[in-house]
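Data from my_file_3.txt: compact mmCIF, C-alpha atoms and all ligand atoms
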# COMPACT_ATOMS: atom_id res chain seq x y z
CA MET A 1350 22.43 -10.70 -13.96
CA LEU A 1351 19.95 -13.57 -14.10
CA ALA A 1352 16.35 -12.31 -14.33
CA PRO A 1353 13.80 -13.59 -11.83
CA PHE A 1354 11.02 -15.96 -12.95
CA LYS A 1355 8.35 -16.75 -10.40
CA GLY A 1356 7.76 -20.51 -10.37
CA LEU A 1357 10.91 -21.27 -12.37
CA THR A 1358 14.17 -19.77 -11.12
CA ASN A 1359 13.86 -21.01 -7.57
CA LYS A 1360 16.94 -21.71 -5.45
CA ALA A 1361 17.38 -25.18 -6.96
CA TYR A 1362 17.38 -23.76 -10.51
CA ARG A 1363 19.64 -20.84 -9.63
CA ASN A 1364 22.18 -23.05 -7.89
CA ALA A 1365 22.08 -25.72 -10.60
CA HIS A 1366 22.71 -23.00 -13.18
CA ALA A 1367 25.63 -21.61 -11.18
CA ARG A 1368 27.11 -25.08 -10.67
CA HIS A 1369 26.89 -26.29 -14.27
CA PHE A 1370 27.06 -23.11 -16.40
CA GLY A 1371 27.70 -19.91 -14.44
CA GLY A 1372 28.60 -16.66 -16.17
CA PHE A 1373 26.50 -14.39 -13.96
CA ASP A 1374 27.66 -11.79 -11.46
CA GLY A 1375 24.29 -11.94 -9.71
CA HIS A 1376 20.94 -13.69 -9.61
CA MET A 1377 17.73 -11.86 -8.84
CA ALA A 1378 15.31 -14.13 -6.98
CA PRO A 1379 11.61 -14.18 -7.94
CA PHE A 1380 9.39 -11.81 -5.97
CA VAL A 1381 7.94 -12.53 -2.58
CA SER A 1382 4.68 -10.89 -1.56
CA GLY A 1383 2.38 -10.67 1.44
CA THR A 1384 5.29 -10.72 3.89
CA GLY A 1385 3.34 -8.42 6.23
CA ILE A 1386 4.29 -5.66 8.62
CA ARG A 1387 4.81 -7.60 11.85
CA ALA A 1388 7.13 -10.55 11.23
CA VAL A 1389 8.21 -12.22 7.99
CA ALA A 1390 7.01 -15.84 8.06
CA PRO A 1391 9.86 -18.33 7.40
CA SER A 1392 7.79 -19.97 4.63
CA LYS A 1393 7.84 -16.69 2.67
CA ILE A 1394 11.63 -16.57 2.56
CA ALA A 1395 12.45 -20.28 2.35
CA ASP A 1396 13.83 -19.70 -1.16
CA LEU A 1397 16.26 -17.10 0.19
CA VAL A 1398 17.71 -18.54 3.37
CA PRO A 1399 20.29 -19.31 4.47
CA VAL A 1400 22.19 -16.81 2.36
CA THR A 1401 25.26 -19.08 2.44
CA GLU A 1402 23.45 -21.62 0.26
CA ASN A 1403 23.48 -19.25 -2.72
CA LEU A 1404 26.17 -20.25 -5.20
CA CYS A 1405 25.97 -16.79 -6.81
CA PRO A 1406 25.29 -13.44 -5.08
CA THR A 1407 21.50 -13.18 -4.93
CA ILE A 1408 19.12 -10.25 -4.68
CA PRO A 1409 15.79 -10.85 -2.95
CA GLN A 1410 12.83 -9.11 -4.56
CA ILE A 1411 9.55 -7.89 -3.09
CA ILE A 1412 6.31 -6.80 -4.72
CA SER A 1413 4.35 -4.51 -2.43
CA THR A 1414 2.65 -1.14 -2.12
CA SER A 1415 3.23 -0.93 1.63
CA ALA A 1416 6.29 1.03 2.74
CA GLU A 1417 6.13 -0.73 6.11
CA GLU A 1418 6.16 -4.13 4.42
CA ILE A 1419 9.16 -3.19 2.25
CA ILE A 1420 11.03 -1.88 5.31
CA LEU A 1421 10.32 -5.03 7.32
CA PHE A 1422 11.40 -7.24 4.42
CA GLY A 1423 14.58 -5.15 4.06
CA LYS A 1424 15.30 -5.58 7.77
CA ALA A 1425 14.65 -9.34 7.61
CA MET A 1426 16.95 -9.75 4.59
CA HIS A 1427 19.62 -7.59 6.20
CA ALA A 1428 19.48 -9.76 9.32
CA GLN A 1429 19.99 -12.81 7.07
CA GLY A 1430 23.17 -11.32 5.60
CA TYR A 1431 21.90 -9.77 2.36
CA ASN A 1432 23.03 -6.25 1.43
CA HIS A 1433 20.55 -5.41 -1.32
CA ILE A 1434 16.86 -5.95 -2.11
CA ASN A 1435 14.85 -5.10 -5.21
CA TRP A 1436 11.38 -3.55 -5.46
CA ASN A 1437 9.26 -4.94 -8.31
CA LEU A 1438 7.53 -2.11 -10.21
CA GLY A 1439 7.21 -4.04 -13.44
CA CYS A 1440 5.09 -7.19 -13.09
CA PRO A 1441 2.39 -6.97 -15.83
CA PHE A 1442 0.19 -9.96 -14.96
CA PRO A 1443 -3.37 -8.62 -14.58
CA ARG A 1444 -4.02 -10.19 -11.18
CA ILE A 1445 -1.08 -8.13 -9.86
CA ALA A 1446 -1.15 -5.00 -12.01
CA ASN A 1447 -4.94 -4.51 -11.62
CA LYS A 1448 -4.34 -4.18 -7.88
CA LYS A 1449 -1.93 -1.28 -8.46
CA ARG A 1450 1.04 -3.53 -7.79
CA GLY A 1451 4.02 -4.20 -10.09
CA CYS A 1452 3.63 -2.04 -13.21
CA GLY A 1453 0.10 -1.17 -12.01
CA LEU A 1454 1.73 1.47 -9.80
CA LEU A 1455 3.48 3.27 -12.68
CA PRO A 1456 0.48 5.50 -13.56
CA HIS A 1457 0.53 6.73 -9.93
CA PRO A 1458 3.87 8.49 -9.44
CA GLY A 1459 2.55 10.27 -6.31
CA GLU A 1460 2.07 6.91 -4.58
CA ILE A 1461 5.57 5.79 -5.59
CA HIS A 1462 6.92 9.04 -4.12
CA ARG A 1463 5.04 8.53 -0.85
CA ILE A 1464 6.24 4.92 -0.53
CA LEU A 1465 9.89 5.75 -1.25
CA ASP A 1466 9.84 8.70 1.12
CA ARG A 1467 8.76 6.43 3.95
CA VAL A 1468 11.02 3.50 2.92
CA PHE A 1469 14.20 5.57 2.76
CA ARG A 1470 13.65 6.87 6.29
CA GLU A 1471 14.21 3.43 7.73
CA ILE A 1472 15.49 0.81 5.33
CA PRO A 1473 18.82 -0.68 6.50
CA ILE A 1474 19.76 -2.22 3.16
CA GLU A 1475 20.41 -1.04 -0.42
CA LEU A 1476 17.34 -0.84 -2.63
CA SER A 1477 17.04 -1.12 -6.41
CA VAL A 1478 13.97 -1.08 -8.68
CA LYS A 1479 12.96 -3.34 -11.56
CA THR A 1480 10.44 -1.75 -13.86
CA ARG A 1481 9.15 -1.26 -17.43
CA LEU A 1482 8.06 1.71 -19.55
CA GLY A 1483 4.54 1.93 -18.22
CA TYR A 1484 1.30 0.08 -17.62
CA GLN A 1485 -0.89 1.54 -20.41
CA HIS A 1486 1.56 3.95 -22.05
CA HIS A 1487 5.30 4.07 -22.66
CA ALA A 1488 5.65 7.63 -21.35
CA GLU A 1489 4.43 6.79 -17.83
CA ILE A 1490 7.97 5.97 -16.77
CA LEU A 1491 9.08 9.50 -17.64
CA GLU A 1492 6.93 10.80 -14.78
CA VAL A 1493 8.39 8.20 -12.41
CA LEU A 1494 12.12 8.53 -13.14
CA PRO A 1495 12.43 12.09 -11.71
CA ILE A 1496 10.97 10.73 -8.47
CA LEU A 1497 13.37 7.79 -8.41
CA ASP A 1498 16.19 10.31 -8.97
CA GLN A 1499 15.44 11.81 -5.55
CA TYR A 1500 16.52 8.62 -3.76
CA PRO A 1501 19.85 6.80 -3.49
CA LEU A 1502 18.72 3.71 -5.36
CA ARG A 1503 21.47 1.27 -6.21
CA GLU A 1504 20.27 0.91 -9.82
CA ILE A 1505 17.16 0.57 -11.97
CA THR A 1506 16.49 -2.36 -14.28
CA ILE A 1507 14.24 -1.42 -17.20
CA HIS A 1508 12.34 -3.79 -19.50
CA PRO A 1509 11.31 -1.70 -22.52
CA ARG A 1510 7.71 -2.84 -22.89
CA ILE A 1511 4.45 -1.67 -21.31
CA GLY A 1512 2.25 -3.75 -19.04
CA THR A 1513 -0.49 -4.42 -21.59
CA GLN A 1514 2.11 -6.09 -23.85
CA VAL A 1515 2.99 -8.44 -20.96
CA TYR A 1516 6.18 -9.98 -22.52
CA ARG A 1517 4.97 -10.02 -26.14
CA GLY A 1518 5.32 -7.79 -29.18
CA GLU A 1519 8.33 -5.64 -29.92
CA VAL A 1520 10.64 -4.11 -27.34
CA ASN A 1521 10.60 -0.31 -27.50
CA HIS A 1522 14.22 0.83 -27.85
CA PRO A 1523 13.42 4.51 -28.44
CA GLY A 1524 11.42 4.35 -25.19
CA PHE A 1525 14.45 2.85 -23.43
CA ALA A 1526 16.71 5.57 -24.89
CA ALA A 1527 14.33 8.20 -23.48
CA CYS A 1528 14.71 6.62 -20.01
CA LEU A 1529 18.50 6.87 -20.21
CA GLN A 1530 18.12 10.61 -20.85
CA ALA A 1531 15.70 11.00 -17.97
CA THR A 1532 17.54 9.39 -15.07
CA ARG A 1533 20.74 9.92 -13.12
CA HIS A 1534 20.71 6.31 -11.91
CA GLN A 1535 22.67 3.44 -13.33
CA VAL A 1536 20.37 1.46 -15.64
CA ILE A 1537 20.40 -2.26 -16.33
CA TYR A 1538 18.97 -3.29 -19.70
CA ASN A 1539 16.52 -6.22 -19.71
CA GLY A 1540 14.60 -7.48 -22.73
CA ASP A 1541 14.75 -9.97 -25.59
CA VAL A 1542 18.45 -10.78 -25.45
CA TYR A 1543 18.20 -14.29 -26.91
CA ASN A 1544 21.53 -14.83 -28.64
CA LEU A 1545 24.99 -13.35 -28.92
CA SER A 1546 24.24 -11.33 -32.08
CA GLN A 1547 21.17 -9.79 -30.48
CA TYR A 1548 23.24 -8.86 -27.41
CA LEU A 1549 25.92 -7.26 -29.58
CA SER A 1550 23.40 -5.27 -31.57
CA ILE A 1551 21.61 -3.93 -28.45
CA LYS A 1552 25.00 -3.17 -26.87
CA ALA A 1553 25.98 -1.17 -29.96
CA ARG A 1554 22.67 0.75 -29.72
CA PHE A 1555 23.22 1.55 -26.00
CA PRO A 1556 26.97 1.85 -25.44
CA SER A 1557 26.55 3.41 -21.98
CA ILE A 1558 24.90 0.27 -20.56
CA ARG A 1559 27.32 -1.64 -18.33
CA SER A 1560 24.94 -4.24 -16.86
CA TRP A 1561 22.58 -6.62 -18.55
CA MET A 1562 19.81 -8.81 -17.19
CA LEU A 1563 19.11 -11.98 -19.16
CA GLY A 1564 15.71 -13.64 -18.95
CA ARG A 1565 13.98 -15.95 -21.39
CA GLY A 1566 17.00 -15.99 -23.69
CA LEU A 1567 18.99 -17.50 -20.87
CA LEU A 1568 16.30 -20.00 -19.88
CA MET A 1569 16.36 -21.08 -23.51
CA ASP A 1570 20.12 -21.11 -23.88
CA PRO A 1571 21.79 -21.52 -20.46
CA PHE A 1572 25.22 -20.80 -22.03
CA LEU A 1573 24.30 -17.28 -23.06
CA ALA A 1574 25.87 -15.49 -20.08
CA LEU A 1575 29.11 -17.43 -20.55
CA GLU A 1576 29.14 -16.71 -24.28
CA ILE A 1577 28.55 -13.01 -23.71
CA LYS A 1578 31.60 -13.07 -21.44
CA GLY A 1579 33.64 -14.54 -24.28
CA MET A 1580 33.65 -18.25 -23.42
CA ARG A 1581 33.37 -20.64 -26.38
CA ILE A 1582 32.26 -24.21 -25.65
CA SER A 1583 32.17 -27.21 -27.98
CA ASP A 1584 28.80 -28.81 -28.76
CA ALA A 1585 29.92 -32.07 -27.15
CA HIS A 1586 30.80 -30.30 -23.93
CA LYS A 1587 27.58 -28.28 -24.04
CA ARG A 1588 25.58 -31.48 -24.27
CA GLU A 1589 27.31 -32.88 -21.17
CA MET A 1590 26.68 -29.66 -19.26
CA LEU A 1591 23.00 -29.59 -20.21
CA HIS A 1592 22.65 -33.18 -19.17
CA ALA A 1593 24.30 -32.63 -15.77
CA PHE A 1594 22.19 -29.50 -15.16
CA HIS A 1595 19.03 -31.34 -15.97
CA LEU A 1596 19.97 -34.30 -13.73
CA GLU A 1597 20.38 -31.92 -10.82
CA LEU A 1598 16.92 -30.42 -11.41
CA LEU A 1599 15.44 -33.89 -11.71
CA ALA A 1600 17.02 -34.95 -8.41
CA ASN A 1601 15.51 -31.97 -6.65
CA PRO A 1602 11.88 -32.80 -5.92
CA CYS A 1603 9.59 -29.79 -5.83
CA GLY A 1604 6.40 -31.34 -4.52
CA ASN A 1605 4.50 -34.40 -5.69
CA GLU A 1606 5.09 -36.13 -9.03
CA ASN A 1607 2.57 -33.99 -10.90
CA LYS A 1608 4.05 -30.80 -9.57
CA GLN A 1609 7.55 -31.87 -10.48
CA LEU A 1610 6.50 -32.94 -13.95
CA GLY A 1611 4.78 -29.58 -14.43
CA TYR A 1612 7.91 -27.79 -13.26
CA LEU A 1613 10.18 -29.74 -15.61
CA LYS A 1614 7.83 -29.03 -18.51
CA SER A 1615 8.07 -25.31 -17.69
CA VAL A 1616 11.87 -25.57 -17.77
CA TRP A 1617 11.69 -27.32 -21.17
CA TYR A 1618 9.22 -24.79 -22.51
CA TYR A 1619 12.28 -22.57 -22.76
CA MET A 1620 15.24 -24.97 -22.79
CA ALA A 1621 13.94 -26.85 -25.84
CA GLY A 1622 15.08 -23.77 -27.76
CA CYS A 1623 18.67 -24.82 -27.15
CA PHE A 1624 18.14 -27.71 -29.58
CA ALA A 1625 17.55 -27.41 -33.33
CA PRO A 1626 14.15 -29.18 -33.36
CA GLY A 1627 12.99 -27.02 -30.41
CA GLU A 1628 9.25 -26.89 -31.09
CA ALA A 1629 8.99 -30.62 -31.90
CA LEU A 1630 11.06 -31.52 -28.82
CA PHE A 1631 8.84 -29.51 -26.54
CA ALA A 1632 5.72 -30.95 -28.16
CA SER A 1633 6.93 -34.46 -27.28
CA ILE A 1634 7.96 -33.56 -23.70
CA LYS A 1635 4.60 -31.88 -23.14
CA THR A 1636 2.78 -35.15 -23.76
CA SER A 1637 4.46 -37.04 -20.85
CA ARG A 1638 1.89 -38.08 -18.31
CA SER A 1639 4.30 -39.39 -15.66
CA LEU A 1640 7.90 -38.93 -14.61
CA ALA A 1641 8.62 -42.46 -15.85
CA GLN A 1642 7.33 -41.55 -19.32
CA TYR A 1643 9.30 -38.32 -19.18
CA ARG A 1644 12.53 -40.12 -18.27
CA GLU A 1645 12.07 -42.46 -21.24
CA LEU A 1646 12.02 -39.50 -23.62
CA LEU A 1647 15.19 -37.92 -22.31
CA PRO A 1648 17.92 -39.83 -24.13
CA LYS A 1649 16.33 -38.82 -27.46
CA VAL A 1650 16.04 -35.22 -26.36
CA PHE A 1651 19.72 -34.97 -25.48
CA GLU A 1652 20.75 -36.55 -28.79
CA ALA A 1653 19.14 -33.75 -30.83
CA PRO A 1654 21.48 -31.32 -32.61
CA LEU A 1655 22.01 -28.00 -30.88
CA ALA A 1656 20.37 -24.86 -32.26
CA GLY A 1657 22.27 -22.21 -34.22
CA GLU A 1658 21.75 -18.46 -33.79
CA GLU A 1659 18.87 -18.25 -36.28
CA GLN A 1660 17.09 -21.24 -34.81
CA LYS A 1661 17.35 -19.70 -31.35
CA GLU A 1662 15.82 -16.50 -32.62
CA ALA A 1663 12.98 -18.41 -34.31
CA TYR A 1664 12.27 -20.40 -31.13
CA PHE A 1665 12.32 -17.26 -28.99
CA ARG A 1666 9.81 -15.56 -31.29
CA HIS A 1667 7.61 -18.66 -31.17
CA ALA A 1668 7.85 -19.05 -27.37
CA ILE A 1669 7.10 -15.46 -26.42
CA LYS A 1670 3.76 -15.57 -28.22
CA HIS A 1671 2.42 -17.91 -25.58
CA ILE A 1672 3.71 -16.20 -22.46
CA GLY A 1673 0.83 -14.94 -20.41
CA ARG A 1674 -1.56 -17.03 -22.52
CA ASP A 1675 -0.59 -20.60 -21.80
CA PRO A 1676 -1.03 -20.99 -18.05
CA ASN A 1677 0.58 -24.43 -18.04
CA PHE A 1678 3.99 -23.57 -19.33
CA ALA A 1679 4.70 -19.91 -19.57
CA MET A 1680 2.68 -18.83 -16.53
C1 LIG B 1 6.73 -16.63 -16.05
C2 LIG B 1 7.43 -15.37 -15.71
C3 LIG B 1 7.70 -15.07 -14.38
C4 LIG B 1 8.37 -13.88 -14.04
N1 LIG B 1 8.63 -13.59 -12.72
C5 LIG B 1 9.23 -12.40 -12.40
C6 LIG B 1 9.49 -12.05 -11.04
O1 LIG B 1 9.24 -12.80 -10.08
N2 LIG B 1 10.05 -10.83 -10.81
C7 LIG B 1 10.40 -9.97 -11.84
O2 LIG B 1 10.91 -8.88 -11.59
N3 LIG B 1 10.19 -10.31 -13.12
C8 LIG B 1 9.62 -11.50 -13.42
N4 LIG B 1 9.46 -11.84 -14.74
C9 LIG B 1 10.04 -10.98 -15.79
C10 LIG B 1 11.47 -11.43 -16.16
O3 LIG B 1 12.32 -11.32 -15.04
C11 LIG B 1 12.05 -10.54 -17.30
O4 LIG B 1 12.00 -9.21 -16.87
C12 LIG B 1 11.25 -10.69 -18.58
O5 LIG B 1 11.16 -12.04 -18.97
C13 LIG B 1 11.85 -9.85 -19.71
O6 LIG B 1 13.19 -10.18 -19.95
P1 LIG B 1 13.61 -11.17 -21.18
O7 LIG B 1 13.05 -10.57 -22.43
O8 LIG B 1 15.09 -11.21 -21.13
O9 LIG B 1 12.95 -12.47 -20.87
C14 LIG B 1 8.77 -13.00 -15.08
C15 LIG B 1 8.51 -13.31 -16.42
C16 LIG B 1 7.84 -14.48 -16.75
C17 LIG B 1 7.56 -14.78 -18.19
Using the file provided, produce a representation of the structure as structure tokens.
Amino acid sequence: MLAPFKGLTNKAYRNAHARHFGGFDGHMAPFVSGTGIRAVAPSKIADLVPVTENLCPTIPQIISTSAEEIILFGKAMHAQGYNHINWNLGCPFPRIANKKRGCGLLPHPGEIHRILDRVFREIPIELSVKTRLGYQHHAEILEVLPILDQYPLREITIHPRIGTQVYRGEVNHPGFAACLQATRHQVIYNGDVYNLSQYLSIKARFPSIRSWMLGRGLLMDPFLALEIKGMRISDAHKREMLHAFHLELLANPCGNENKQLGYLKSVWYYMAGCFAPGEALFASIKTSRSLAQYRELLPKVFEAPLAGEEQKEAYFRHAIKHIGRDPNFAM
């Protein structure tokens, strides 16, 4: 499963990934919010409709503390042809979590109970949850899982960090193991899978896990899902695929020139890690002041040697330090 990234994995990115790389059984779309309790405005779901445009089965996601809003969103998505939505109980960004949304709701299991009780009386579509170990403490989730067990959720995706870590620091595998003991639901693992060896080592640690959600590791190395599924691709072919993927993103305007340049820089913040000189490549891309300047840099970028496993790990460790701190690139 492809992880959602607000501002990055929009429909154009998801479809370009499916067209040029693939390897996923599903894509989770970034969250929508403020959809209201009367009618869902078309602008809120523009990234999700029509469902037939999705090149890979897609799961819409909502962030909300209103049962009525979740129900209405579920009804709207059902009417559009979706069969599954996801409730975000994991977002750690302070402007969200401080308002008791995303992981900010985890210290309040009673509220989660009340919301689910109301939602499951009326929702016409399958519901899953994406969450983390807690907001302030890794044991918060252990109070929430027994509540989730009372409802027929499709599955729970767990990122083994707490909210105050945002996406930095170490993942807490003992904390994840405790979750597996504490729930009857199927669990999807999500966190710091950035190369094949890392995937294999986490898989060996958690042999019961059948589903995996790939995030930054995939944004960095778009071949990762394919490689996990056993596909081996030559460097020459990889280069062609990366090039074609990037051309499709470039041809898909997302606002004015500045906005598009900003978007492409965000893509490269991660994708530079696919190339051996990742940090230096990104540093040069970051300096482009116009799309014309950016286009001039590209041939050099695509000539760079591809990164090996160790280089990918080093880039990942470098990149995650800035997430949540560098508002321009990592949001
Ligand atoms: C910039 C950014 C935006 C994100 N947007 C969302 C989102 O819309 N919904 C969500 O559930 N998670 C979101 N996430 C979290 C990722 O989906 C994923 O859970 C996280 O990156 C951890 O997985 P990884 O270690 O494989 O990257 C976001 C993360 C980042 C850094």
Per residue of chain A within 6 Å of ligand LIG 1 (chain B), note the shortest atom pair and the distance in Å to one decimal, counting all atoms listed in the file, and order the rows by chain and increasing residue number, as a Markdown table.
| residue | atom | partner | partner_atom | distance |
| --- | --- | --- | --- | --- |
| A:Ala1352 | CA | B:LIG1 | O3 | 4.2 |
| A:Pro1353 | CA | B:LIG1 | O3 | 4.2 |
| A:Phe1354 | CA | B:LIG1 | N1 | 3.4 |
| A:Lys1355 | CA | B:LIG1 | N1 | 3.9 |
| A:Pro1379 | CA | B:LIG1 | O1 | 3.5 |
| A:Phe1380 | CA | B:LIG1 | O1 | 4.2 |
| A:Asn1437 | CA | B:LIG1 | O2 | 5.4 |
| A:Cys1440 | CA | B:LIG1 | N3 | 6.0 |
| A:Lys1479 | CA | B:LIG1 | O2 | 5.9 |
| A:Asn1539 | CA | B:LIG1 | O6 | 5.2 |
| A:Gly1540 | CA | B:LIG1 | O7 | 3.5 |
| A:Asp1541 | CA | B:LIG1 | O7 | 3.6 |
| A:Val1542 | CA | B:LIG1 | O8 | 5.5 |
| A:Leu1563 | CA | B:LIG1 | O8 | 4.5 |
| A:Gly1564 | CA | B:LIG1 | O8 | 3.3 |
| A:Arg1565 | CA | B:LIG1 | O9 | 3.7 |
| A:Gly1566 | CA | B:LIG1 | O8 | 5.7 |
| A:Ile1672 | CA | B:LIG1 | C17 | 5.9 |
| A:Ala1679 | CA | B:LIG1 | C1 | 5.2 |
| A:Met1680 | CA | B:LIG1 | C1 | 4.6 |
Draw an axis-aligned box tight on the listed atoms of range 1662-1671 of chain A, then pad every side by 5 Å and write out centre and edge lengths in Å to one decimal as lines of an AutoDock Vina configuration file.
center_x = 9.1
center_y = -17.9
center_z = -29.9
size_x = 23.4
size_y = 14.9
size_z = 18.7
Inset, instruction - Tell me, in Å to one decimal, how far CA of Tyr1500 in chain A is from CA of Tyr1431 in chain A. - result: 20.1 Å
Inset, instruction - May I have the residues within 9 Å of Leu1630 in chain A as JSON, numbers by chain, using all atoms listed in the file and disregarding those fewer than 6 positions away in the same chain? - result: {"A": [1617, 1621, 1622, 1624, 1650, 1653]}
Inset, instruction - Please identify all polymer residues within 12 Å of Asp1584 in chain A, counting only C-alpha atoms, omitting same-chain residues fewer than 6 positions from it, and present them as a list of chain:residue names. - result: A:Phe1572, A:Met1590, A:Leu1591, A:Cys1623, A:Phe1624, A:Phe1651, A:Glu1652, A:Ala1653, A:Pro1654, A:Leu1655, A:Ala1656, A:Gly1657
Inset, instruction - Find the spatial neighbours of Asp1374 in chain A, counting all atoms listed in the file, within a cut-off of 9 Å - ignore same-chain residues fewer than 5 positions away - and output them as a list in words. - result: Met1350, Leu1351, Cys1405 and Pro1406 of chain A
Legend entry - Pairwise distance for CA of Leu1476 in chain A and CA of Pro1571 in chain A, rounded to one decimal in Å: 27.7 Å
Inset, instruction - Can you work out which one of A:Leu1421, A:Leu1575, A:Leu1549, A:Cys1528 has the shortest atom-to-atom distance to Val1468 in chain A, counting only C-alpha atoms? - result: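 With only C-alpha atoms as the atom set, the closest residue is A:Leu1421.
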Inset, instruction - Quick one: everything within 10 Å of Asn1544 in chain A, counting all atoms listed in the file, minus sequence neighbours fewer than 3 positions away in the same chain. Send it as a ChimeraX atom specification. - result: /A:1541,1547-1549,1566-1567,1569-1570,1572-1574,1576-1577,1657-1662,1665
Inset, instruction - Kindly give the distance, in Å, that separates CA of Ser1615 in chain A and CA of Tyr1362 in chain A, rounded to a single decimal. - result: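 So the two atoms, CA of Ser1615 in chain A and CA of Tyr1362 in chain A, lie 11.9 Å apart.
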Inset, instruction - Quick one: everything within 10 Å of range 1423-1430 of chain A, counting only C-alpha atoms, minus sequence neighbours fewer than 5 positions away in the same chain. Send it as a ChimeraX atom specification. - result: /A:1388-1389,1394,1397-1401,1408-1411,1417-1418,1435,1468,1471-1476
Legend entry - A:Ser1560, A:Asn1601, A:His1366, A:Ile1420 ranked by distance to Arg1387 in chain A, top pick (using all atoms listed in the file): A:Ile1420
Inset, instruction - Go through A:Tyr1664, A:Ala1367, A:Asp1396, A:Arg1559 one by one, measure the shortest atom-to-atom distance of each to Cys1603 in chain A using all atoms listed in the file, and give the residue with the smallest value. - result: A:Asp1396
Inset, instruction - Please return, as number ranges by chain, all polymer residues that have at least one atom within 8 Å of the point (2.2, -5.1, -15.1); use only C-alpha atoms and the file's own coordinate frame. - result: A: 1438-1443, 1445-1447, 1450-1453, 1484, 1511-1513, 1515
Legend entry - Given all atoms listed in the file as the counted atoms, nearest of A:Val1478, A:Leu1357, A:Val1520, A:Met1580 to Val1536 in chain A: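 Closest to Val1536 in chain A of all the choices is A:Val1478.
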